[in-house]
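First up is the structure itself, then whatever we jot down about it.
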Amino acid sequence: MKTFYDYYRNQVNLSFEDHPFSNTPKHVWVICRFENQWLLTKHKNRGLEFPGGKVERGETADRAAVREVLEETGAEVDQLNYVGQYYVAGKGGTVIKNVYFATVSRLLDQHHYFETEGPVLLDQLPQSIKSNSLYSFMMKDEVLPQCLNRIKEDYLNL
Ligand code: GTP
C-alpha cells in the first residue's frame with residue numbers, strides 16, 4: 001500500500017489489491033482510453049479530470065463507473081478493468097474510491113453532461129499537471145501517476 005498526501009493535504013492510502021478498504025465503495029474514478037487518446041471530462045468547478053462520481057443506492061461500483069463515464073463524456077465503455085482502490089481521510093469525512101481503466105467503443109453526442117462540459121480527448125497528458133490550473137485537484141496527487149504506471153504495464157504498449 002502507498003501512503004501520500006493529496007492537493008489539500010489530506011492523507012491518501014492507495015492499494016492495487018482487490019478492494020482492500022471496502023467491498024462496497026461509494027465512489028468511482030475511471031481512467032478512459034478512446035482510439036489511442038485519453039478521454040477526460042471538464043468538470044464545471046474542478047476542471048479537467050477523468051470521469052467518475054458517486055455510486056447510487058442499489059447500484060454496484062462497476063455499474064456506477066459505466067454510468068458516470070456515459071453521463072460525463074457520452075462514451076460507451078467497452079471493457080472495464082478494476083485497477084485499485086484508495087482511501088482519503090478528508091476533513092469532511094472519508095472517501096473510498098475504486099479506480100478503473102476503461103476502453104471506450106464509441107462517443108455519443110449528449111444533450112447535457114451533468115456537472116461537466118463533456119468530453120475532452122488528449123493525445124498525451126501533460127507532464128506538469130500538478131501546477132496546471134486547468135486540471136482538477138483529483139489529478140494532482142500520486143493516485144494518477146501510480147495508476148497510470150499499472151495501466152501502462154498491464155494494458156498499454158506506451
Ligand atoms: P457533493 O456531495 O457532490 O457536493 O461532493 P462533495 O465534494 O461534498 O463530497 P465527496 O464525497 O465527493 O468528497 C468529499 C471530499 O473528499 C472532497 O471535498 C475531497 O476533499 C475529498 N475527495 C473526494 N474525491 C477525492 C479524490 O478523488 N481524491 C482526493 N484526494 N480527495 C477526494
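Letters for chains follow the order of the C-alpha cells (A, B, ...), residue numbers begin at 1 for each chain, and ligand numbers begin at 1 in the order shown.
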Distance table requested - chain A against ligand 1, cut-off 12 Å, only C-alpha atoms and all ligand atoms: one row per qualifying residue with the closest atom pair and its distance in Å to one decimal, ordered by chain and rising residue number, as a tab-separated table.
```
residue	atom	partner	partner_atom_place_in_ligand_line	distance
A:Thr3	CA	ligand 1	30 (N)	11.5
A:Phe4	CA	ligand 1	30 (N)	9.7
A:Tyr5	CA	ligand 1	30 (N)	7.7
A:Asp6	CA	ligand 1	30 (N)	4.8
A:Tyr7	CA	ligand 1	30 (N)	6.6
A:Tyr8	CA	ligand 1	20 (O)	6.8
A:Arg9	CA	ligand 1	30 (N)	8.4
A:Asn10	CA	ligand 1	30 (N)	6.7
A:Gln11	CA	ligand 1	30 (N)	7.9
A:Val12	CA	ligand 1	30 (N)	6.6
A:Asn13	CA	ligand 1	30 (N)	9.7
A:Leu14	CA	ligand 1	30 (N)	10.5
A:Pro25	CA	ligand 1	11 (O)	11.2
A:Lys26	CA	ligand 1	11 (O)	8.3
A:His27	CA	ligand 1	12 (O)	7.5
A:Val28	CA	ligand 1	27 (O)	8.2
A:Trp29	CA	ligand 1	27 (O)	7.2
A:Val30	CA	ligand 1	27 (O)	10.5
A:Ile31	CA	ligand 1	27 (O)	11.9
A:His43	CA	ligand 1	3 (O)	11.8
A:Asn45	CA	ligand 1	7 (O)	10.7
A:Arg46	CA	ligand 1	7 (O)	10.2
A:Glu49	CA	ligand 1	27 (O)	9.7
A:Phe50	CA	ligand 1	27 (O)	9.9
A:Pro51	CA	ligand 1	27 (O)	10.3
A:Gly52	CA	ligand 1	27 (O)	8.6
A:Gly53	CA	ligand 1	12 (O)	7.0
A:Lys54	CA	ligand 1	12 (O)	7.0
A:Val55	CA	ligand 1	12 (O)	10.4
A:Glu56	CA	ligand 1	3 (O)	11.7
A:Gln85	CA	ligand 1	27 (O)	10.4
A:Tyr86	CA	ligand 1	27 (O)	8.3
A:Tyr87	CA	ligand 1	29 (C)	8.3
A:Val88	CA	ligand 1	31 (N)	5.7
A:Ala89	CA	ligand 1	16 (O)	7.8
A:Gly90	CA	ligand 1	16 (O)	5.4
A:Lys91	CA	ligand 1	20 (O)	7.1
A:Gly92	CA	ligand 1	15 (C)	6.1
A:Gly93	CA	ligand 1	14 (C)	6.6
A:Thr94	CA	ligand 1	16 (O)	6.5
A:Val95	CA	ligand 1	16 (O)	5.6
A:Ile96	CA	ligand 1	24 (N)	8.1
A:Lys97	CA	ligand 1	27 (O)	6.9
A:Asn98	CA	ligand 1	27 (O)	9.4
A:Val99	CA	ligand 1	27 (O)	9.3
A:Phe114	CA	ligand 1	3 (O)	11.5
A:Glu115	CA	ligand 1	3 (O)	9.5
A:Ser136	CA	ligand 1	27 (O)	9.5
A:Phe137	CA	ligand 1	30 (N)	7.1
A:Met138	CA	ligand 1	28 (N)	4.6
A:Met139	CA	ligand 1	28 (N)	7.8
A:Lys140	CA	ligand 1	30 (N)	8.0
A:Asp141	CA	ligand 1	30 (N)	6.7
A:Glu142	CA	ligand 1	30 (N)	9.0
A:Val143	CA	ligand 1	28 (N)	8.0
A:Leu144	CA	ligand 1	27 (O)	9.7
```
Query raised in the report: Do you know which residues are at most 12 Å from Arg150 in chain A counting only C-alpha atoms, after dropping those on the same chain fewer than 2 positions away, and could you put them as a ChimeraX atom specification?
Result: /A:15-16,31,81-84,99-101,143-148,152-158
Report task. Could you tell me, as a ChimeraX atom specification, which residues of chain A DSSP assigns to helix (DSSP H, G or I) when given the backbone? Result -> /A:61-73,129-131,137-139,143-154
With N, CA and C atoms retained, could you export that selection as a short mmCIF file (atom, residue, chain, number, x, y, z; two decimals), in the first residue's frame?
```cif
data_model
loop_
_atom_site.label_atom_id
_atom_site.label_comp_id
_atom_site.auth_asym_id
_atom_site.auth_seq_id
_atom_site.Cartn_x
_atom_site.Cartn_y
_atom_site.Cartn_z
N ALA A 61 -20.51 -0.68 -7.81
CA ALA A 61 -19.47 0.29 -8.20
C ALA A 61 -19.16 0.16 -9.69
N ASP A 62 -19.15 -1.07 -10.20
CA ASP A 62 -18.85 -1.26 -11.62
C ASP A 62 -19.90 -0.59 -12.50
N ARG A 63 -21.18 -0.74 -12.11
CA ARG A 63 -22.25 -0.09 -12.89
C ARG A 63 -22.15 1.43 -12.80
N ALA A 64 -21.79 1.90 -11.62
CA ALA A 64 -21.63 3.34 -11.45
C ALA A 64 -20.52 3.88 -12.36
N ALA A 65 -19.46 3.12 -12.49
CA ALA A 65 -18.34 3.55 -13.33
C ALA A 65 -18.80 3.70 -14.79
N VAL A 66 -19.52 2.72 -15.28
CA VAL A 66 -20.02 2.77 -16.67
C VAL A 66 -21.00 3.94 -16.83
N ARG A 67 -21.88 4.13 -15.87
CA ARG A 67 -22.86 5.22 -15.93
C ARG A 67 -22.19 6.59 -15.88
N GLU A 68 -21.24 6.75 -14.99
CA GLU A 68 -20.58 8.06 -14.87
C GLU A 68 -19.82 8.42 -16.14
N VAL A 69 -19.18 7.45 -16.74
CA VAL A 69 -18.45 7.72 -17.99
C VAL A 69 -19.44 8.19 -19.06
N LEU A 70 -20.56 7.52 -19.17
CA LEU A 70 -21.57 7.91 -20.17
C LEU A 70 -22.12 9.29 -19.86
N GLU A 71 -22.48 9.53 -18.61
CA GLU A 71 -23.08 10.82 -18.26
C GLU A 71 -22.11 11.99 -18.49
N GLU A 72 -20.86 11.78 -18.13
CA GLU A 72 -19.91 12.91 -18.14
C GLU A 72 -19.18 13.10 -19.46
N THR A 73 -19.18 12.06 -20.30
CA THR A 73 -18.44 12.18 -21.57
C THR A 73 -19.23 11.73 -22.78
N ILE A 129 0.90 18.46 -14.73
CA ILE A 129 -0.49 18.57 -14.27
C ILE A 129 -0.56 19.23 -12.89
N LYS A 130 0.40 18.88 -12.02
CA LYS A 130 0.34 19.36 -10.63
C LYS A 130 0.30 20.87 -10.53
N SER A 131 0.94 21.55 -11.48
CA SER A 131 0.96 23.01 -11.41
C SER A 131 0.08 23.65 -12.47
N PHE A 137 -8.09 19.00 -8.86
CA PHE A 137 -7.23 18.54 -7.75
C PHE A 137 -7.10 17.02 -7.73
N MET A 138 -8.11 16.32 -8.24
CA MET A 138 -8.08 14.84 -8.23
C MET A 138 -6.96 14.27 -9.08
N MET A 139 -6.47 15.09 -10.03
CA MET A 139 -5.42 14.66 -10.94
C MET A 139 -4.04 15.01 -10.38
N VAL A 143 -2.14 9.36 -6.97
CA VAL A 143 -3.05 8.32 -7.48
C VAL A 143 -2.89 8.18 -8.99
N LEU A 144 -2.91 9.31 -9.69
CA LEU A 144 -2.88 9.25 -11.16
C LEU A 144 -1.57 8.62 -11.68
N PRO A 145 -0.39 9.15 -11.31
CA PRO A 145 0.82 8.51 -11.88
C PRO A 145 0.98 7.05 -11.49
N GLN A 146 0.63 6.73 -10.26
CA GLN A 146 0.76 5.32 -9.83
C GLN A 146 -0.16 4.41 -10.64
N CYS A 147 -1.40 4.86 -10.83
CA CYS A 147 -2.36 4.04 -11.59
C CYS A 147 -1.97 3.98 -13.06
N LEU A 148 -1.48 5.10 -13.59
CA LEU A 148 -1.05 5.09 -15.00
C LEU A 148 0.09 4.10 -15.22
N ASN A 149 1.00 4.03 -14.28
CA ASN A 149 2.09 3.05 -14.40
C ASN A 149 1.55 1.63 -14.49
N ARG A 150 0.60 1.33 -13.61
CA ARG A 150 -0.01 -0.01 -13.63
C ARG A 150 -0.71 -0.27 -14.96
N ILE A 151 -1.47 0.74 -15.41
CA ILE A 151 -2.25 0.57 -16.65
C ILE A 151 -1.32 0.39 -17.84
N LYS A 152 -0.24 1.17 -17.87
CA LYS A 152 0.71 1.06 -18.98
C LYS A 152 1.35 -0.33 -18.99
N GLU A 153 1.70 -0.83 -17.81
CA GLU A 153 2.30 -2.17 -17.72
C GLU A 153 1.31 -3.25 -18.12
N ASP A 154 0.08 -3.12 -17.66
CA ASP A 154 -0.88 -4.22 -17.80
C ASP A 154 -1.66 -4.20 -19.12
#
```
Report task. From chain A, collect each residue whose DSSP state is strand (DSSP E or B) and return the set as an MDAnalysis selection string. Result -> chainID A and resid 2:5 11:15 27:34 37:43 47:49 52:54 75:90 93:107 116:122 135
Requested in this report: Identify which of the residues A:Ala102, A:Gly47, A:Leu107, A:Glu76 lies closest to Leu121 in chain A, counting only C-alpha atoms when measuring atom-to-atom distances.
Outcome: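 Nearest candidate to Leu121 in chain A out of A:Ala102, A:Gly47, A:Leu107, A:Glu76: A:Leu107.
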Query - Residue with smallest distance to Glu117 in chain A - pool A:Thr24, A:Arg57, A:Leu48, A:Ser133, counting only C-alpha atoms - result: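 Once distances to Glu117 in chain A are computed over only C-alpha atoms, the minimum belongs to A:Leu48.
Taking CA of Asp78 in chain A as the reference point, CA of Arg106 in chain A is found at 8.4 Å.
Restricting the calculation to only C-alpha atoms, the smallest distance between Leu80 in chain A and any of A:Leu134, A:Leu125, A:Met1, A:Cys32 is found for A:Cys32.
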Requested in this report: Quote the spacing between CA of Thr41 in chain A and CA of Gln127 in chain A in Å to one decimal place.
Outcome: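 About the pair CA of Thr41 in chain A and CA of Gln127 in chain A: they are 18.3 Å apart.
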Report task. In Å, rounded to a single decimal, give me how far CA of Arg33 in chain A is from CA of Thr103 in chain A. Result ->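 The value is 5.0 Å.
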